[in-house]
file input02.cif (mmCIF, C-alpha atoms)
data_query
loop_
_atom_site.label_atom_id
_atom_site.label_comp_id
_atom_site.auth_asym_id
_atom_site.auth_seq_id
_atom_site.Cartn_x
_atom_site.Cartn_y
_atom_site.Cartn_z
CA MET A 200 0.00 0.00 0.00
CA THR A 201 1.29 3.47 -0.90
CA ASP A 202 1.96 6.01 1.81
CA ILE A 203 -1.15 7.85 2.98
CA VAL A 204 -1.13 11.60 2.37
CA LEU A 205 -3.66 13.23 4.67
CA HIS A 206 -4.81 16.79 4.10
CA PRO A 207 -5.16 19.13 7.09
CA ALA A 208 -7.86 18.01 9.51
CA GLU A 209 -9.65 21.37 9.33
CA SER A 210 -10.01 21.22 5.51
CA LEU A 211 -13.00 19.60 3.79
CA HIS A 212 -10.70 17.15 2.03
CA GLY A 213 -9.06 16.22 5.31
CA ARG A 214 -12.39 15.74 7.03
CA LEU A 215 -13.63 13.55 4.20
CA GLN A 216 -10.46 11.49 4.44
CA ARG A 217 -11.10 10.98 8.15
CA GLY A 218 -14.77 10.05 7.65
CA ARG A 219 -16.09 12.99 9.67
CA GLY A 220 -19.85 13.45 9.87
CA CYS A 221 -19.47 17.24 9.67
CA ALA A 222 -17.80 16.85 6.26
CA ALA A 223 -20.76 14.86 4.96
CA ARG A 224 -23.07 17.64 6.09
CA ARG A 225 -20.96 20.31 4.35
CA ALA A 226 -20.49 18.34 1.15
CA ALA A 227 -23.71 19.22 -0.66
CA GLY A 228 -23.09 22.96 -0.46
CA THR A 229 -19.45 22.94 -1.50
CA PRO A 230 -18.46 22.98 -5.19
CA GLY A 231 -15.94 20.34 -6.21
CA THR A 232 -16.71 17.98 -3.35
CA GLY A 233 -17.39 15.13 -5.77
CA GLU A 234 -13.77 15.06 -6.91
CA LEU A 235 -12.63 14.97 -3.29
CA VAL A 236 -14.92 11.99 -2.59
CA TYR A 237 -13.55 10.12 -5.61
CA ASP A 238 -10.00 10.89 -4.47
CA CYS A 239 -10.74 9.33 -1.07
CA VAL A 240 -12.11 6.19 -2.74
CA PHE A 241 -9.15 5.92 -5.13
CA HIS A 242 -6.47 6.65 -2.51
CA ASP A 243 -7.70 4.84 0.58
CA PRO A 244 -7.02 7.29 3.44
CA ARG A 245 -7.50 4.81 6.29
CA TRP A 246 -4.55 3.98 8.54
CA ASP A 247 -6.37 0.77 9.48
CA THR A 248 -7.91 -0.80 6.38
CA LEU A 249 -10.21 -2.89 8.59
CA GLU A 250 -12.01 0.32 9.55
CA ASP A 251 -15.33 0.43 7.72
CA ARG A 252 -15.64 3.48 5.50
CA GLY A 253 -17.46 2.18 2.41
CA LEU A 254 -20.95 3.29 3.40
CA TYR A 255 -19.71 6.77 4.28
CA TYR A 256 -18.42 7.36 0.76
CA ALA A 257 -21.31 5.49 -0.88
CA ARG A 258 -23.81 7.75 0.85
CA LEU A 259 -21.87 10.81 -0.25
CA ILE A 260 -21.96 9.53 -3.84
CA CYS A 261 -25.73 9.13 -3.54
CA ASP A 262 -26.32 12.45 -1.78
CA LEU A 263 -24.20 14.34 -4.32
CA GLU A 264 -25.77 12.39 -7.21
CA LEU A 265 -22.34 11.35 -8.47
CA GLY A 266 -21.85 8.75 -11.18
CA ILE A 267 -20.06 5.47 -10.59
CA GLY A 268 -18.04 5.69 -13.82
CA PRO A 269 -14.86 6.99 -12.16
CA VAL A 270 -15.00 4.22 -9.52
CA VAL A 271 -15.41 1.57 -12.22
CA ALA A 272 -12.54 3.06 -14.22
CA HIS A 273 -10.36 2.94 -11.12
CA LEU A 274 -11.10 -0.77 -10.63
CA PHE A 275 -10.31 -1.69 -14.22
CA ASP A 276 -7.20 0.45 -14.59
CA PRO A 277 -4.52 -1.59 -16.46
CA VAL A 278 -2.38 -1.58 -13.33
CA ASP A 279 -4.96 -3.90 -11.76
CA HIS A 280 -3.36 -6.85 -13.55
CA ASP A 281 0.11 -5.47 -14.15
CA ASP A 282 0.80 -4.98 -10.46
CA PRO A 283 -2.26 -6.04 -8.45
CA ASP A 284 -2.56 -4.46 -5.02
CA GLU A 285 -5.62 -5.40 -2.99
CA ASP A 286 -5.34 -2.22 -0.93
CA ARG A 287 -5.72 -0.20 -4.14
CA THR A 288 -9.18 -1.63 -4.84
CA ASN A 289 -10.65 -2.90 -1.54
CA LEU A 290 -12.36 0.39 -0.71
CA ALA A 291 -13.71 0.86 -4.25
CA VAL A 292 -15.17 -2.66 -4.24
CA ASP A 293 -16.76 -1.98 -0.86
CA VAL A 294 -18.23 1.31 -2.09
CA LEU A 295 -19.84 -0.39 -5.09
CA ALA A 296 -21.41 -3.01 -2.82
CA ARG A 297 -22.71 -0.32 -0.46
CA LEU A 298 -24.19 1.54 -3.43
CA VAL A 299 -26.10 -1.60 -4.39
CA ARG A 300 -27.53 -1.74 -0.86
CA LEU A 301 -28.54 1.91 -1.20
CA GLY A 302 -30.49 1.13 -4.38
CA ARG A 303 -27.91 2.15 -6.98
CA LEU A 304 -28.32 -1.07 -8.96
CA GLU A 305 -26.09 0.15 -11.79
CA ALA A 306 -23.24 -0.85 -9.48
CA VAL A 307 -24.15 -4.55 -9.80
CA ALA A 308 -22.78 -5.14 -13.31
CA PRO A 309 -19.26 -3.75 -12.68
CA LEU A 310 -19.09 -5.58 -9.35
CA ARG A 311 -19.97 -8.86 -11.09
CA ARG A 312 -17.52 -8.14 -13.90
CA TYR A 313 -14.75 -7.41 -11.43
CA ALA A 314 -15.50 -10.69 -9.63
CA ARG A 315 -14.88 -12.46 -12.94
CA GLU A 316 -11.99 -10.43 -14.32
CA GLY A 317 -10.43 -8.27 -11.63
CA GLY A 318 -7.15 -8.74 -9.89
CA ASN A 319 -8.89 -8.46 -6.50
CA TRP A 320 -11.67 -10.80 -7.62
CA TYR A 321 -12.08 -12.48 -4.23
CA ALA A 322 -13.10 -9.22 -2.54
CA ALA A 323 -15.83 -8.67 -5.14
CA LEU A 324 -17.07 -12.24 -4.79
CA ASN A 325 -17.21 -11.85 -1.03
CA GLU A 326 -19.26 -8.64 -1.32
CA LEU A 327 -21.73 -10.34 -3.65
CA VAL A 328 -22.11 -13.22 -1.20
CA GLU A 329 -22.65 -10.73 1.62
CA LEU A 330 -25.38 -8.97 -0.38
CA ASP A 331 -27.19 -12.31 -0.08
CA ASP A 332 -29.34 -11.91 -3.19
CA PRO A 333 -29.04 -14.96 -5.48
CA THR A 334 -30.06 -12.93 -8.53
CA LEU A 335 -27.04 -10.65 -8.08
CA ALA A 336 -24.65 -13.59 -7.71
CA GLU A 337 -26.18 -15.78 -10.42
CA GLY A 338 -23.53 -17.84 -12.22
CA LEU A 339 -20.68 -16.68 -10.02
CA ASP A 340 -20.63 -20.04 -8.23
CA GLU A 341 -18.61 -21.22 -11.22
CA VAL A 342 -16.03 -18.53 -10.53
CA ALA A 343 -15.89 -19.40 -6.84
CA ALA A 344 -15.54 -23.13 -7.42
CA ALA A 345 -12.91 -22.70 -10.12
CA ARG A 346 -10.72 -20.01 -8.57
CA CYS A 347 -10.91 -20.52 -4.80
CA ASP A 348 -8.68 -22.95 -2.97
CA ASP A 349 -10.26 -24.86 -0.07
CA HIS A 350 -9.36 -22.20 2.50
CA GLU A 351 -10.70 -19.32 0.39
CA LEU A 352 -13.89 -21.24 -0.38
CA ALA A 353 -14.47 -21.96 3.30
CA TRP A 354 -14.20 -18.24 4.15
CA LEU A 355 -16.37 -17.22 1.20
CA CYS A 356 -19.18 -19.74 1.58
CA GLY A 357 -18.83 -20.95 5.16
CA VAL A 358 -21.85 -19.05 6.51
CA ASP A 359 -25.41 -19.99 5.62
CA GLY A 360 -27.29 -17.61 3.36
CA ALA A 361 -29.51 -17.47 0.29
CA VAL A 362 -26.53 -17.23 -2.09
CA THR A 363 -24.50 -20.02 -0.50
CA ARG A 364 -27.55 -22.29 -0.32
CA LYS A 365 -28.14 -21.90 -4.05
CA TRP A 366 -24.46 -22.33 -4.86
CA ALA A 367 -24.20 -25.41 -2.64
CA ALA A 368 -27.03 -27.08 -4.53
CA ARG A 369 -24.86 -26.97 -7.63
CA HIS A 370 -21.37 -27.58 -6.27
CA PRO A 371 -20.40 -30.34 -3.79
CA ARG A 372 -17.26 -28.37 -2.77
CA ILE A 373 -19.38 -25.42 -1.72
CA ALA A 374 -21.88 -27.68 0.05
CA ALA A 375 -19.04 -29.21 2.05
CA VAL A 376 -17.89 -25.89 3.53
CA ARG A 377 -21.27 -24.33 4.31
CA ARG A 378 -22.16 -24.03 7.99
CA PRO A 379 -25.87 -23.45 8.68
CA GLU A 380 -25.41 -20.99 11.50
CA ILE A 381 -26.61 -17.54 12.46
CA ARG A 382 -24.27 -14.72 11.61
CA PRO A 383 -22.62 -13.13 14.65
CA HIS A 384 -23.88 -9.89 16.12
CA GLU A 385 -27.44 -10.26 14.85
CA PRO A 386 -29.29 -7.04 15.78
CA ARG A 387 -31.92 -7.20 18.50
CA ALA A 388 -35.40 -7.03 17.03
CA ALA A 389 -36.23 -4.11 19.31
CA LEU A 390 -33.36 -2.09 17.86
CA SER A 391 -33.38 -3.17 14.23
CA GLY A 392 -36.68 -1.38 13.64
CA ARG A 393 -35.46 1.96 14.97
CA THR A 394 -34.05 4.81 12.92
CA ASP A 395 -30.38 5.85 13.09
CA ASP A 396 -31.39 9.00 14.97
CA ASP A 397 -33.32 6.91 17.54
CA LEU A 398 -30.27 4.73 18.10
CA ALA A 399 -27.99 7.75 18.47
CA ALA A 400 -30.34 9.15 21.10
CA LEU A 401 -30.18 5.85 23.01
CA ALA A 402 -26.38 5.94 22.91
CA ARG A 403 -26.30 9.51 24.22
CA ALA A 404 -28.70 8.59 27.06
CA HIS A 405 -26.02 6.33 28.62
CA GLY A 406 -28.66 3.74 29.53
CA GLN A 407 -28.56 -0.05 29.39
CA GLU A 408 -29.04 -0.05 25.61
CA VAL A 409 -26.02 2.16 24.82
CA THR A 410 -23.74 -0.68 23.70
CA ALA A 411 -26.44 -2.41 21.70
CA ALA A 412 -27.39 0.87 20.02
CA ILE A 413 -23.80 1.63 19.00
CA LEU A 414 -23.30 -1.93 17.72
CA GLU A 415 -26.48 -1.65 15.65
CA LEU A 416 -25.32 1.68 14.17
CA GLY A 417 -21.99 0.06 13.42
CA ARG A 418 -23.72 -2.88 11.75
CA ARG A 419 -25.55 -0.40 9.52
CA ARG A 420 -22.25 1.46 8.87
CA SER A 421 -24.03 4.65 9.87
CA PRO A 422 -21.95 7.86 9.78
CA LEU A 423 -23.59 8.74 13.10
CA VAL A 424 -21.13 6.36 14.74
CA LEU A 425 -18.39 8.84 13.84
CA ASP A 426 -20.29 11.71 15.43
CA LEU A 427 -20.87 9.66 18.57
CA ALA A 428 -17.18 8.82 18.78
CA GLU A 429 -16.33 12.52 18.68
CA GLU A 430 -18.89 13.29 21.39
CA LEU A 431 -18.49 10.37 23.76
CA LEU A 432 -14.87 9.24 23.60
CA PRO A 433 -12.37 11.06 25.83
CA GLY A 434 -9.92 13.34 24.05
#

call {"tool": "encode", "arguments": {"input": "input02.cif", "output": "structure tokens"}}
result
Amino acid sequence: MTDIVLHPAESLHGRLQRGRGCAARRAAGTPGTGELVYDCVFHDPRWDTLEDRGLYYARLICDLELGIGPVVAHLFDPVDHDDPDEDRTNLAVDVLARLVRLGRLEAVAPLRRYAREGGNWYAALNELVELDDPTLAEGLDEVAAARCDDHELAWLCGVDGAVTRKWAARHPRIAAVRRPEIRPHEPRAALSGRTDDDLAALARAHGQEVTAAILELGRRRSPLVLDLAEELLPG
């Protein structure tokens, strides 16, 4: 991964790089913000790449009514095969998957194509499995069975879901690694029906539900988690 170049924390670019909620609120009224959002997606600004940031940028793309063309072009840049670097494309793949969840279904085709052709194909396959819609992953069981070794296939298809059930019916290797279990950290029914603002209010109330509310916001990848961190964490 290339060295991260962070812009000053008080600048809009710097705040977008850091995933700040205040930057998302300023974005719509600031000319040129779209290019800054694309830059963050293309040059992953996270120090810890396990930190979830895909929904933050996907929502900005939706709110600013940006096209996905630049993200797709970034994925299929010739360097993708000449010198593949998963860190170069992980965030872009995640953003496309988040866009699908937000109703931007034009992101499905490039995500499927990248799963078939891309250098970081496994990440795209994993996102399509996580979307858990068999119509979106139709035919990609062939890719998974052909390209994954046993360890990769176990990670990809090891959890029960609509996609893995359909794939397992066609491929004995996939059937062998599926585990019919509940995914960890399932949201409580009482919280899953609440809005993000309701959950943020619960977290700020410091009651018994504070941890569950923050976990549910995290599960949704809500930008409000970032605001809560600024408010509630010391320093």

call {"tool": "closest_residue", "arguments": {"input": "input02.cif", "among": "A:His280, A:Arg303, A:Arg311, A:Arg245", "to": "Ile260 (chain A)", "atoms": "only C-alpha atoms"}}
result
A:Arg303

call {"tool": "resolve_selection", "arguments": {"input": "input02.cif", "expression": "the PyMOL selection byres ((chain A and resi 349-366) around 9)", "output": "PyMOL selection string"}}
result
chain A and resi 321+324-325+327-341+343-344+346-348+367-370+372-382

call {"tool": "resolve_selection", "arguments": {"input": "input02.cif", "expression": "the PyMOL selection byres ((chain A and resi 319) around 10)", "output": "mmCIF file with C-alpha atoms, keeping the file's coordinate frame"}}
result
data_model
loop_
_atom_site.group_PDB
_atom_site.id
_atom_site.type_symbol
_atom_site.label_atom_id
_atom_site.label_comp_id
_atom_site.auth_asym_id
_atom_site.auth_seq_id
_atom_site.Cartn_x
_atom_site.Cartn_y
_atom_site.Cartn_z
ATOM 1 C CA LEU A 274 -11.100 -0.770 -10.630
ATOM 2 C CA ASP A 279 -4.960 -3.900 -11.760
ATOM 3 C CA HIS A 280 -3.360 -6.850 -13.550
ATOM 4 C CA PRO A 283 -2.260 -6.040 -8.450
ATOM 5 C CA ASP A 284 -2.560 -4.460 -5.020
ATOM 6 C CA GLU A 285 -5.620 -5.400 -2.990
ATOM 7 C CA ASP A 286 -5.340 -2.220 -0.930
ATOM 8 C CA ARG A 287 -5.720 -0.200 -4.140
ATOM 9 C CA THR A 288 -9.180 -1.630 -4.840
ATOM 10 C CA ASN A 289 -10.650 -2.900 -1.540
ATOM 11 C CA VAL A 292 -15.170 -2.660 -4.240
ATOM 12 C CA TYR A 313 -14.750 -7.410 -11.430
ATOM 13 C CA ALA A 314 -15.500 -10.690 -9.630
ATOM 14 C CA ARG A 315 -14.880 -12.460 -12.940
ATOM 15 C CA GLU A 316 -11.990 -10.430 -14.320
ATOM 16 C CA GLY A 317 -10.430 -8.270 -11.630
ATOM 17 C CA GLY A 318 -7.150 -8.740 -9.890
ATOM 18 C CA TRP A 320 -11.670 -10.800 -7.620
ATOM 19 C CA TYR A 321 -12.080 -12.480 -4.230
ATOM 20 C CA ALA A 322 -13.100 -9.220 -2.540
ATOM 21 C CA ALA A 323 -15.830 -8.670 -5.140
ATOM 22 C CA LEU A 324 -17.070 -12.240 -4.790
#

call {"tool": "resolve_selection", "arguments": {"input": "input02.cif", "expression": "the PyMOL selection byres ((chain A and resi 234) around 12)", "output": "ChimeraX atom specification"}}
result
/A:211-212,215,226,229-233,235-242,256,259-260,263,265-266,269-270

call {"tool": "atom_distance", "arguments": {"input": "input02.cif", "atom1": "CA of Leu416 (chain A)", "atom2": "CA of Ala399 (chain A)"}}
result
7.9 Å

call {"tool": "atom_distance", "arguments": {"input": "input02.cif", "atom1": "CA of Leu301 (chain A)", "atom2": "CA of Arg258 (chain A)"}}
result
7.8 Å

call {"tool": "closest_residue", "arguments": {"input": "input02.cif", "among": "A:Pro309, A:Ile267, A:Gly220, A:Ala345", "to": "Glu430 (chain A)", "atoms": "all atoms listed in the file"}}
result
A:Gly220

call {"tool": "closest_residue", "arguments": {"input": "input02.cif", "among": "A:Glu415, A:Glu326, A:Glu408, A:Glu250", "to": "Val299 (chain A)", "atoms": "only C-alpha atoms"}}
result
A:Glu326

call {"tool": "build_atoms", "arguments": {"input": "input02.cif", "residues": "region 391-402 of chain A", "atoms": "all heavy atoms", "output": "mmCIF file, in the coordinates of the input"}}
result
data_model
loop_
_atom_site.group_PDB
_atom_site.id
_atom_site.type_symbol
_atom_site.label_atom_id
_atom_site.label_comp_id
_atom_site.auth_asym_id
_atom_site.auth_seq_id
_atom_site.Cartn_x
_atom_site.Cartn_y
_atom_site.Cartn_z
ATOM 1 N N SER A 391 -33.503 -3.159 15.680
ATOM 2 C CA SER A 391 -33.380 -3.170 14.230
ATOM 3 C C SER A 391 -34.475 -2.358 13.548
ATOM 4 O O SER A 391 -34.305 -1.890 12.430
ATOM 5 C CB SER A 391 -33.399 -4.612 13.706
ATOM 6 O OG SER A 391 -34.617 -5.250 14.063
ATOM 7 N N GLY A 392 -35.602 -2.152 14.239
ATOM 8 C CA GLY A 392 -36.680 -1.380 13.640
ATOM 9 C C GLY A 392 -36.598 0.108 13.897
ATOM 10 O O GLY A 392 -37.426 0.864 13.407
ATOM 11 N N ARG A 393 -35.594 0.536 14.646
ATOM 12 C CA ARG A 393 -35.460 1.960 14.970
ATOM 13 C C ARG A 393 -34.621 2.686 13.944
ATOM 14 O O ARG A 393 -33.787 2.092 13.273
ATOM 15 C CB ARG A 393 -34.840 2.133 16.359
ATOM 16 C CG ARG A 393 -35.655 1.458 17.465
ATOM 17 C CD ARG A 393 -35.214 1.937 18.809
ATOM 18 N NE ARG A 393 -35.884 1.220 19.884
ATOM 19 C CZ ARG A 393 -35.862 1.573 21.157
ATOM 20 N NH1 ARG A 393 -35.180 2.654 21.520
ATOM 21 N NH2 ARG A 393 -36.473 0.873 22.077
ATOM 22 N N THR A 394 -34.825 4.007 13.844
ATOM 23 C CA THR A 394 -34.050 4.810 12.920
ATOM 24 C C THR A 394 -32.651 5.052 13.493
ATOM 25 O O THR A 394 -32.406 4.865 14.693
ATOM 26 C CB THR A 394 -34.710 6.169 12.663
ATOM 27 O OG1 THR A 394 -34.679 6.937 13.870
ATOM 28 C CG2 THR A 394 -36.153 5.987 12.200
ATOM 29 N N ASP A 395 -31.728 5.510 12.629
ATOM 30 C CA ASP A 395 -30.380 5.850 13.090
ATOM 31 C C ASP A 395 -30.419 6.932 14.160
ATOM 32 O O ASP A 395 -29.674 6.883 15.150
ATOM 33 C CB ASP A 395 -29.515 6.321 11.910
ATOM 34 C CG ASP A 395 -29.131 5.185 10.982
ATOM 35 O OD1 ASP A 395 -29.631 4.064 11.182
ATOM 36 O OD2 ASP A 395 -28.331 5.428 10.059
ATOM 37 N N ASP A 396 -31.297 7.916 13.987
ATOM 38 C CA ASP A 396 -31.390 9.000 14.970
ATOM 39 C C ASP A 396 -31.889 8.469 16.318
ATOM 40 O O ASP A 396 -31.430 8.912 17.382
ATOM 41 C CB ASP A 396 -32.327 10.100 14.471
ATOM 42 C CG ASP A 396 -31.697 10.910 13.339
ATOM 43 O OD1 ASP A 396 -30.460 10.932 13.252
ATOM 44 O OD2 ASP A 396 -32.450 11.510 12.557
ATOM 45 N N ASP A 397 -32.847 7.515 16.290
ATOM 46 C CA ASP A 397 -33.320 6.910 17.540
ATOM 47 C C ASP A 397 -32.178 6.203 18.267
ATOM 48 O O ASP A 397 -32.030 6.312 19.490
ATOM 49 C CB ASP A 397 -34.435 5.899 17.252
ATOM 50 C CG ASP A 397 -35.721 6.556 16.776
ATOM 51 O OD1 ASP A 397 -35.906 7.757 17.042
ATOM 52 O OD2 ASP A 397 -36.526 5.858 16.138
ATOM 53 N N LEU A 398 -31.376 5.467 17.495
ATOM 54 C CA LEU A 398 -30.270 4.730 18.100
ATOM 55 C C LEU A 398 -29.217 5.672 18.667
ATOM 56 O O LEU A 398 -28.652 5.421 19.733
ATOM 57 C CB LEU A 398 -29.649 3.793 17.056
ATOM 58 C CG LEU A 398 -30.549 2.644 16.585
ATOM 59 C CD1 LEU A 398 -29.926 1.951 15.378
ATOM 60 C CD2 LEU A 398 -30.771 1.632 17.701
ATOM 61 N N ALA A 399 -28.949 6.767 17.962
ATOM 62 C CA ALA A 399 -27.990 7.750 18.470
ATOM 63 C C ALA A 399 -28.477 8.358 19.774
ATOM 64 O O ALA A 399 -27.700 8.584 20.709
ATOM 65 C CB ALA A 399 -27.749 8.833 17.425
ATOM 66 N N ALA A 400 -29.778 8.607 19.866
ATOM 67 C CA ALA A 400 -30.340 9.150 21.100
ATOM 68 C C ALA A 400 -30.188 8.160 22.249
ATOM 69 O O ALA A 400 -29.892 8.552 23.389
ATOM 70 C CB ALA A 400 -31.818 9.501 20.895
ATOM 71 N N LEU A 401 -30.377 6.874 21.977
ATOM 72 C CA LEU A 401 -30.180 5.850 23.010
ATOM 73 C C LEU A 401 -28.732 5.840 23.493
ATOM 74 O O LEU A 401 -28.466 5.722 24.686
ATOM 75 C CB LEU A 401 -30.526 4.466 22.451
ATOM 76 C CG LEU A 401 -31.994 4.042 22.463
ATOM 77 C CD1 LEU A 401 -32.132 2.678 21.791
ATOM 78 C CD2 LEU A 401 -32.534 3.990 23.877
ATOM 79 N N ALA A 402 -27.799 5.953 22.549
ATOM 80 C CA ALA A 402 -26.380 5.940 22.910
ATOM 81 C C ALA A 402 -26.039 7.144 23.789
ATOM 82 O O ALA A 402 -25.292 7.028 24.759
ATOM 83 C CB ALA A 402 -25.516 5.926 21.660
#
